[in-house]
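Here is the file model00.cif (mmCIF, N, CA and C atoms).
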data_work
loop_
_atom_site.label_atom_id
_atom_site.label_comp_id
_atom_site.auth_asym_id
_atom_site.auth_seq_id
_atom_site.Cartn_x
_atom_site.Cartn_y
_atom_site.Cartn_z
N MET A 57 5.11 -1.66 67.56
CA MET A 57 3.96 -2.35 67.01
C MET A 57 2.71 -1.87 67.73
N ILE A 58 1.62 -1.79 67.01
CA ILE A 58 0.33 -1.45 67.61
C ILE A 58 -0.41 -2.76 67.88
N ILE A 59 -0.63 -3.04 69.17
CA ILE A 59 -1.23 -4.30 69.60
C ILE A 59 -2.62 -4.01 70.16
N GLY A 60 -3.62 -4.72 69.64
CA GLY A 60 -4.99 -4.55 70.09
C GLY A 60 -5.46 -5.72 70.93
N VAL A 61 -6.14 -5.41 72.02
CA VAL A 61 -6.69 -6.42 72.93
C VAL A 61 -8.21 -6.31 72.85
N LEU A 62 -8.85 -7.35 72.32
CA LEU A 62 -10.31 -7.33 72.15
C LEU A 62 -11.03 -7.90 73.36
N LYS A 63 -12.23 -7.41 73.58
CA LYS A 63 -13.14 -8.03 74.53
C LYS A 63 -13.68 -9.30 73.88
N GLU A 64 -13.68 -10.39 74.61
CA GLU A 64 -14.19 -11.64 74.07
C GLU A 64 -15.71 -11.56 73.91
N ILE A 65 -16.19 -12.01 72.75
CA ILE A 65 -17.63 -11.95 72.49
C ILE A 65 -18.27 -13.34 72.43
N LYS A 66 -17.44 -14.38 72.51
CA LYS A 66 -17.98 -15.74 72.53
C LYS A 66 -18.76 -15.94 73.82
N GLU A 67 -19.96 -16.49 73.71
CA GLU A 67 -20.82 -16.68 74.88
C GLU A 67 -20.12 -17.50 75.96
N GLY A 68 -20.16 -17.00 77.18
CA GLY A 68 -19.58 -17.70 78.32
C GLY A 68 -18.09 -17.47 78.52
N GLU A 69 -17.45 -16.73 77.63
CA GLU A 69 -16.01 -16.47 77.76
C GLU A 69 -15.80 -15.12 78.43
N ASN A 70 -15.27 -15.16 79.66
CA ASN A 70 -15.06 -13.94 80.44
C ASN A 70 -13.60 -13.56 80.60
N ARG A 71 -12.70 -14.39 80.10
CA ARG A 71 -11.28 -14.09 80.26
C ARG A 71 -10.86 -12.96 79.31
N VAL A 72 -9.70 -12.40 79.59
CA VAL A 72 -9.12 -11.38 78.73
C VAL A 72 -7.72 -11.84 78.34
N SER A 73 -7.30 -11.50 77.14
CA SER A 73 -6.04 -12.02 76.62
C SER A 73 -4.80 -11.35 77.18
N MET A 74 -4.96 -10.19 77.84
CA MET A 74 -3.80 -9.51 78.40
C MET A 74 -4.20 -8.76 79.66
N THR A 75 -3.40 -8.90 80.68
CA THR A 75 -3.62 -8.18 81.93
C THR A 75 -2.98 -6.80 81.85
N PRO A 76 -3.31 -5.92 82.78
CA PRO A 76 -2.61 -4.63 82.83
C PRO A 76 -1.09 -4.78 82.96
N ALA A 77 -0.63 -5.80 83.68
CA ALA A 77 0.82 -6.04 83.81
C ALA A 77 1.44 -6.36 82.45
N GLY A 78 0.73 -7.13 81.63
CA GLY A 78 1.21 -7.42 80.28
C GLY A 78 1.26 -6.17 79.42
N VAL A 79 0.25 -5.32 79.57
CA VAL A 79 0.24 -4.04 78.86
C VAL A 79 1.47 -3.22 79.26
N HIS A 80 1.74 -3.17 80.54
CA HIS A 80 2.89 -2.40 81.05
C HIS A 80 4.19 -2.88 80.40
N THR A 81 4.40 -4.19 80.42
CA THR A 81 5.63 -4.76 79.86
C THR A 81 5.79 -4.42 78.39
N LEU A 82 4.72 -4.61 77.61
CA LEU A 82 4.81 -4.34 76.18
C LEU A 82 4.92 -2.85 75.88
N ALA A 83 4.26 -2.01 76.67
CA ALA A 83 4.36 -0.56 76.49
C ALA A 83 5.78 -0.09 76.80
N MET A 84 6.41 -0.66 77.82
CA MET A 84 7.78 -0.28 78.18
C MET A 84 8.77 -0.65 77.07
N ASP A 85 8.40 -1.63 76.25
CA ASP A 85 9.25 -2.03 75.11
C ASP A 85 8.97 -1.19 73.87
N GLY A 86 8.11 -0.16 74.01
CA GLY A 86 7.85 0.75 72.89
C GLY A 86 6.64 0.44 72.05
N ASN A 87 5.85 -0.55 72.44
CA ASN A 87 4.64 -0.88 71.69
C ASN A 87 3.50 0.04 72.10
N THR A 88 2.54 0.21 71.20
CA THR A 88 1.31 0.94 71.51
C THR A 88 0.23 -0.10 71.77
N LEU A 89 -0.47 0.02 72.89
CA LEU A 89 -1.51 -0.93 73.27
C LEU A 89 -2.88 -0.29 73.17
N LEU A 90 -3.76 -0.91 72.41
CA LEU A 90 -5.15 -0.50 72.29
C LEU A 90 -5.99 -1.58 72.94
N VAL A 91 -6.74 -1.22 73.97
CA VAL A 91 -7.57 -2.19 74.68
C VAL A 91 -9.03 -1.79 74.50
N GLU A 92 -9.84 -2.75 74.07
CA GLU A 92 -11.27 -2.47 73.90
C GLU A 92 -11.91 -2.16 75.25
N ALA A 93 -12.72 -1.13 75.27
CA ALA A 93 -13.42 -0.75 76.50
C ALA A 93 -14.16 -1.96 77.07
N GLY A 94 -13.96 -2.23 78.34
CA GLY A 94 -14.62 -3.33 79.02
C GLY A 94 -13.98 -4.69 78.80
N ALA A 95 -12.86 -4.76 78.10
CA ALA A 95 -12.23 -6.05 77.79
C ALA A 95 -11.92 -6.88 79.02
N GLY A 96 -11.51 -6.25 80.11
CA GLY A 96 -11.10 -7.00 81.29
C GLY A 96 -12.17 -7.18 82.34
N GLU A 97 -13.34 -6.60 82.15
CA GLU A 97 -14.38 -6.64 83.19
C GLU A 97 -14.75 -8.04 83.64
N GLY A 98 -14.83 -8.99 82.72
CA GLY A 98 -15.18 -10.36 83.08
C GLY A 98 -14.14 -11.03 83.96
N SER A 99 -12.94 -10.48 83.97
CA SER A 99 -11.85 -10.99 84.80
C SER A 99 -11.56 -10.08 85.99
N GLY A 100 -12.45 -9.12 86.21
CA GLY A 100 -12.29 -8.22 87.35
C GLY A 100 -11.26 -7.12 87.12
N LEU A 101 -10.93 -6.84 85.87
CA LEU A 101 -9.94 -5.81 85.53
C LEU A 101 -10.66 -4.64 84.87
N MET A 102 -10.47 -3.45 85.41
CA MET A 102 -11.18 -2.27 84.93
C MET A 102 -10.34 -1.48 83.92
N ASP A 103 -11.03 -0.72 83.08
CA ASP A 103 -10.36 0.08 82.06
C ASP A 103 -9.28 0.98 82.65
N GLU A 104 -9.55 1.58 83.80
CA GLU A 104 -8.59 2.49 84.41
C GLU A 104 -7.27 1.80 84.73
N GLU A 105 -7.32 0.51 85.08
CA GLU A 105 -6.08 -0.24 85.34
C GLU A 105 -5.23 -0.34 84.08
N TYR A 106 -5.89 -0.56 82.95
CA TYR A 106 -5.17 -0.62 81.67
C TYR A 106 -4.59 0.75 81.31
N ARG A 107 -5.38 1.80 81.52
CA ARG A 107 -4.88 3.15 81.24
C ARG A 107 -3.64 3.48 82.07
N ARG A 108 -3.68 3.12 83.35
CA ARG A 108 -2.54 3.39 84.24
C ARG A 108 -1.25 2.72 83.75
N GLU A 109 -1.40 1.61 83.08
CA GLU A 109 -0.23 0.86 82.61
C GLU A 109 0.18 1.22 81.18
N GLY A 110 -0.52 2.21 80.60
CA GLY A 110 -0.08 2.71 79.29
C GLY A 110 -0.96 2.40 78.11
N ALA A 111 -2.09 1.76 78.33
CA ALA A 111 -2.99 1.42 77.21
C ALA A 111 -3.90 2.59 76.85
N HIS A 112 -4.31 2.60 75.62
CA HIS A 112 -5.37 3.49 75.15
C HIS A 112 -6.64 2.64 75.11
N VAL A 113 -7.62 2.97 75.92
CA VAL A 113 -8.88 2.23 75.93
C VAL A 113 -9.76 2.82 74.84
N THR A 114 -10.24 1.96 73.95
CA THR A 114 -10.89 2.43 72.74
C THR A 114 -11.96 1.45 72.26
N SER A 115 -12.43 1.65 71.06
CA SER A 115 -13.50 0.83 70.49
C SER A 115 -12.94 -0.36 69.70
N ARG A 116 -13.76 -1.35 69.52
CA ARG A 116 -13.44 -2.52 68.70
C ARG A 116 -13.08 -2.09 67.27
N ASP A 117 -13.87 -1.16 66.73
CA ASP A 117 -13.63 -0.71 65.36
C ASP A 117 -12.24 -0.08 65.22
N GLU A 118 -11.84 0.73 66.20
CA GLU A 118 -10.53 1.36 66.13
C GLU A 118 -9.41 0.32 66.24
N ILE A 119 -9.62 -0.69 67.05
CA ILE A 119 -8.61 -1.75 67.18
C ILE A 119 -8.43 -2.48 65.85
N PHE A 120 -9.52 -2.84 65.19
CA PHE A 120 -9.39 -3.52 63.90
C PHE A 120 -8.80 -2.59 62.84
N ALA A 121 -9.10 -1.29 62.93
CA ALA A 121 -8.59 -0.33 61.94
C ALA A 121 -7.10 -0.03 62.12
N LYS A 122 -6.64 0.05 63.37
CA LYS A 122 -5.27 0.50 63.63
C LYS A 122 -4.31 -0.59 64.09
N GLY A 123 -4.84 -1.66 64.67
CA GLY A 123 -3.97 -2.69 65.23
C GLY A 123 -3.17 -3.43 64.18
N GLU A 124 -1.89 -3.64 64.48
CA GLU A 124 -1.05 -4.46 63.61
C GLU A 124 -1.12 -5.92 64.06
N MET A 125 -1.35 -6.12 65.35
CA MET A 125 -1.56 -7.45 65.90
C MET A 125 -2.75 -7.38 66.84
N ILE A 126 -3.65 -8.35 66.72
CA ILE A 126 -4.83 -8.47 67.57
C ILE A 126 -4.64 -9.71 68.42
N VAL A 127 -4.83 -9.57 69.75
CA VAL A 127 -4.72 -10.73 70.63
C VAL A 127 -6.08 -11.03 71.25
N LYS A 128 -6.38 -12.33 71.33
CA LYS A 128 -7.64 -12.82 71.87
C LYS A 128 -7.37 -14.05 72.71
N VAL A 129 -8.35 -14.43 73.49
CA VAL A 129 -8.27 -15.69 74.23
C VAL A 129 -8.72 -16.83 73.31
N LYS A 130 -9.88 -16.70 72.74
CA LYS A 130 -10.49 -17.76 71.93
C LYS A 130 -10.36 -17.46 70.45
N GLU A 131 -10.65 -18.49 69.64
CA GLU A 131 -10.61 -18.33 68.20
C GLU A 131 -11.62 -17.25 67.78
N PRO A 132 -11.37 -16.59 66.67
CA PRO A 132 -12.27 -15.53 66.25
C PRO A 132 -13.61 -16.08 65.78
N LEU A 133 -14.65 -15.34 66.09
CA LEU A 133 -15.96 -15.63 65.53
C LEU A 133 -16.01 -15.02 64.14
N GLU A 134 -16.99 -15.43 63.35
CA GLU A 134 -17.06 -14.97 61.96
C GLU A 134 -17.03 -13.45 61.85
N SER A 135 -17.75 -12.76 62.71
CA SER A 135 -17.77 -11.30 62.63
C SER A 135 -16.39 -10.70 62.88
N GLU A 136 -15.55 -11.41 63.62
CA GLU A 136 -14.21 -10.91 63.91
C GLU A 136 -13.25 -11.20 62.76
N TRP A 137 -13.24 -12.43 62.25
CA TRP A 137 -12.27 -12.70 61.19
C TRP A 137 -12.60 -11.95 59.92
N GLN A 138 -13.86 -11.59 59.73
CA GLN A 138 -14.21 -10.79 58.56
C GLN A 138 -13.72 -9.36 58.70
N SER A 139 -13.42 -8.92 59.93
CA SER A 139 -12.94 -7.56 60.17
C SER A 139 -11.43 -7.44 60.03
N LEU A 140 -10.73 -8.55 59.93
CA LEU A 140 -9.27 -8.51 59.82
C LEU A 140 -8.84 -7.93 58.48
N ARG A 141 -7.74 -7.19 58.53
CA ARG A 141 -7.14 -6.64 57.31
C ARG A 141 -6.00 -7.56 56.86
N GLU A 142 -5.71 -7.54 55.59
CA GLU A 142 -4.57 -8.30 55.09
C GLU A 142 -3.30 -7.81 55.78
N GLY A 143 -2.48 -8.76 56.22
CA GLY A 143 -1.24 -8.42 56.90
C GLY A 143 -1.38 -8.21 58.40
N GLN A 144 -2.61 -8.13 58.89
CA GLN A 144 -2.84 -7.97 60.32
C GLN A 144 -2.65 -9.32 61.00
N ILE A 145 -1.95 -9.34 62.11
CA ILE A 145 -1.66 -10.59 62.83
C ILE A 145 -2.76 -10.83 63.86
N LEU A 146 -3.25 -12.05 63.92
CA LEU A 146 -4.22 -12.46 64.93
C LEU A 146 -3.59 -13.56 65.77
N PHE A 147 -3.54 -13.35 67.08
CA PHE A 147 -2.93 -14.31 68.00
C PHE A 147 -4.00 -14.76 68.98
N TYR A 148 -4.25 -16.08 69.05
CA TYR A 148 -5.33 -16.61 69.89
C TYR A 148 -5.02 -18.05 70.29
N ILE A 149 -5.85 -18.60 71.16
CA ILE A 149 -5.69 -19.97 71.63
C ILE A 149 -6.71 -20.86 70.94
N SER A 150 -6.25 -21.99 70.44
CA SER A 150 -7.13 -22.99 69.83
C SER A 150 -6.74 -24.34 70.44
N PRO A 151 -7.71 -25.12 70.90
CA PRO A 151 -7.37 -26.40 71.53
C PRO A 151 -6.52 -27.29 70.62
N PRO A 152 -5.58 -28.04 71.18
CA PRO A 152 -4.75 -28.91 70.37
C PRO A 152 -5.58 -29.96 69.64
N CYS A 153 -5.07 -30.38 68.51
CA CYS A 153 -5.69 -31.43 67.69
C CYS A 153 -6.98 -30.97 67.03
N PHE A 154 -7.28 -29.70 67.07
CA PHE A 154 -8.48 -29.18 66.41
C PHE A 154 -8.05 -28.12 65.41
N PHE A 155 -8.60 -28.19 64.23
CA PHE A 155 -8.39 -27.13 63.23
C PHE A 155 -9.77 -26.67 62.84
N ARG A 156 -10.28 -25.77 63.60
CA ARG A 156 -11.66 -25.33 63.48
C ARG A 156 -11.91 -24.54 62.21
N GLU A 157 -13.17 -24.37 61.91
CA GLU A 157 -13.58 -23.59 60.74
C GLU A 157 -12.99 -22.18 60.78
N ALA A 158 -12.97 -21.56 61.95
CA ALA A 158 -12.41 -20.21 62.07
C ALA A 158 -10.93 -20.21 61.70
N ASP A 159 -10.20 -21.24 62.15
CA ASP A 159 -8.79 -21.32 61.83
C ASP A 159 -8.59 -21.42 60.32
N LYS A 160 -9.41 -22.23 59.67
CA LYS A 160 -9.32 -22.38 58.21
C LYS A 160 -9.61 -21.07 57.51
N CYS A 161 -10.64 -20.37 57.96
CA CYS A 161 -11.03 -19.12 57.31
C CYS A 161 -9.95 -18.06 57.46
N VAL A 162 -9.39 -17.95 58.64
CA VAL A 162 -8.33 -16.97 58.85
C VAL A 162 -7.15 -17.31 57.95
N ALA A 163 -6.76 -18.57 57.92
CA ALA A 163 -5.61 -18.97 57.11
C ALA A 163 -5.86 -18.75 55.63
N GLN A 164 -7.05 -19.07 55.14
CA GLN A 164 -7.36 -18.93 53.72
C GLN A 164 -7.49 -17.47 53.30
N GLN A 165 -8.12 -16.67 54.13
CA GLN A 165 -8.42 -15.31 53.72
C GLN A 165 -7.32 -14.33 54.03
N ARG A 166 -6.56 -14.53 55.09
CA ARG A 166 -5.63 -13.49 55.51
C ARG A 166 -4.21 -14.00 55.70
N ASP A 167 -4.04 -15.28 55.88
CA ASP A 167 -2.72 -15.87 56.11
C ASP A 167 -1.95 -15.14 57.22
N ASN A 168 -2.64 -14.89 58.32
CA ASN A 168 -2.00 -14.13 59.40
C ASN A 168 -2.41 -14.60 60.78
N GLY A 169 -2.97 -15.78 60.92
CA GLY A 169 -3.40 -16.25 62.23
C GLY A 169 -2.33 -17.08 62.90
N TYR A 170 -2.15 -16.83 64.18
CA TYR A 170 -1.23 -17.62 64.99
C TYR A 170 -1.98 -18.12 66.19
N CYS A 171 -2.03 -19.41 66.36
CA CYS A 171 -2.76 -19.93 67.52
C CYS A 171 -1.86 -20.81 68.36
N LEU A 172 -2.16 -20.84 69.64
CA LEU A 172 -1.44 -21.71 70.57
C LEU A 172 -2.27 -22.93 70.84
#
Now that the file is in, can you turn its structure into structure tokens?
Amino acid sequence: MIIGVLKEIKEGENRVSMTPAGVHTLAMDGNTLLVEAGAGEGSGLMDEEYRREGAHVTSRDEIFAKGEMIVKVKEPLESEWQSLREGQILFYISPPCFFREADKCVAQQRDNGYCL
């Protein structure tokens, strides 16, 4: 599977959805990992760390174009869910007991969102 890790663009969100160790584990299982340049900087993780563990550091556009699954920390912003392709999986965290507008849009338009 081609898994894309996006840099969070929501204001004030500095976390990253996958560490280099997570990249290593998934790459060892035969997955291809695409990590957006600078995705881990807010968490003190540099692109070179991701490369060392098997990721291809690339652009947001390439991740949306090639990724079969996109992983994020927070729910997608409008600019992100509009970039999703049909059949592309989006995995993100959404607070319990909330079904936000983004969740509704992803479900209605793409039927491919998975949130924790």
Kindly give the distance, in Å, that separates atom CA of A:Glu92 and atom C of A:Ile145, rounded to a single decimal.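 If I compute the distance from atom CA of A:Glu92 to atom C of A:Ile145, I get 15.6 Å.
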Among chain A, which ones does DSSP place in alpha helix (DSSP H), written as a PyMOL selection string? chain A and resi 76-84+103-108+116-122+134-137+157-165
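The space between atom N of A:Leu133 and atom CA of A:Ala93 spans 18.0 Å.
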Write out as number ranges by chain each polymer residue whose atoms come within 5 Å of stretch 71-85 of chain A, counting all atoms listed in the file; drop sequence neighbours fewer than 6 positions from it. A: 106, 109, 128-129
Let me have the centre and edge lengths of the axis-aligned box enclosing all listed atoms of stretch 73-91 of chain A with 6 Å padding on every side, in Å to one decimal, as JSON.
{"center_x": 0.1, "center_y": -5.5, "center_z": 77.5, "size_x": 30.3, "size_y": 25.0, "size_z": 24.6}
Where does the PyMOL selection byres ((chain A and resi 65-67) around 8) land in this file, that is, which residues does it pick, as a CSV table (one decimal) with N, CA and C atoms, in the coordinates of the input?
chain,number,residue,atom,x,y,z
A,62,LEU,N,-8.8,-7.4,72.3
A,62,LEU,CA,-10.3,-7.3,72.2
A,62,LEU,C,-11.0,-7.9,73.4
A,63,LYS,N,-12.2,-7.4,73.6
A,63,LYS,CA,-13.1,-8.0,74.5
A,63,LYS,C,-13.7,-9.3,73.9
A,64,GLU,N,-13.7,-10.4,74.6
A,64,GLU,CA,-14.2,-11.6,74.1
A,64,GLU,C,-15.7,-11.6,73.9
A,68,GLY,N,-20.2,-17.0,77.2
A,68,GLY,CA,-19.6,-17.7,78.3
A,68,GLY,C,-18.1,-17.5,78.5
A,69,GLU,N,-17.4,-16.7,77.6
A,69,GLU,CA,-16.0,-16.5,77.8
A,69,GLU,C,-15.8,-15.1,78.4
A,70,ASN,N,-15.3,-15.2,79.7
A,70,ASN,CA,-15.1,-13.9,80.4
A,70,ASN,C,-13.6,-13.6,80.6
A,130,LYS,N,-9.9,-16.7,72.7
A,130,LYS,CA,-10.5,-17.8,71.9
A,130,LYS,C,-10.4,-17.5,70.4
A,132,PRO,N,-11.4,-16.6,66.7
A,132,PRO,CA,-12.3,-15.5,66.2
A,132,PRO,C,-13.6,-16.1,65.8
A,133,LEU,N,-14.6,-15.3,66.1
A,133,LEU,CA,-16.0,-15.6,65.5
A,133,LEU,C,-16.0,-15.0,64.1
Give as a count of residues only the residues that the PyMOL selection byres (((chain A and resi 57 and name CA) around 10) and name CA) matches when applied to the coordinates above. 13
In Å, rounded to a single decimal, give me how far atom CA of A:Thr114 is from atom N of A:Leu140.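 Rounded to one decimal, the two atoms are 16.9 Å apart.
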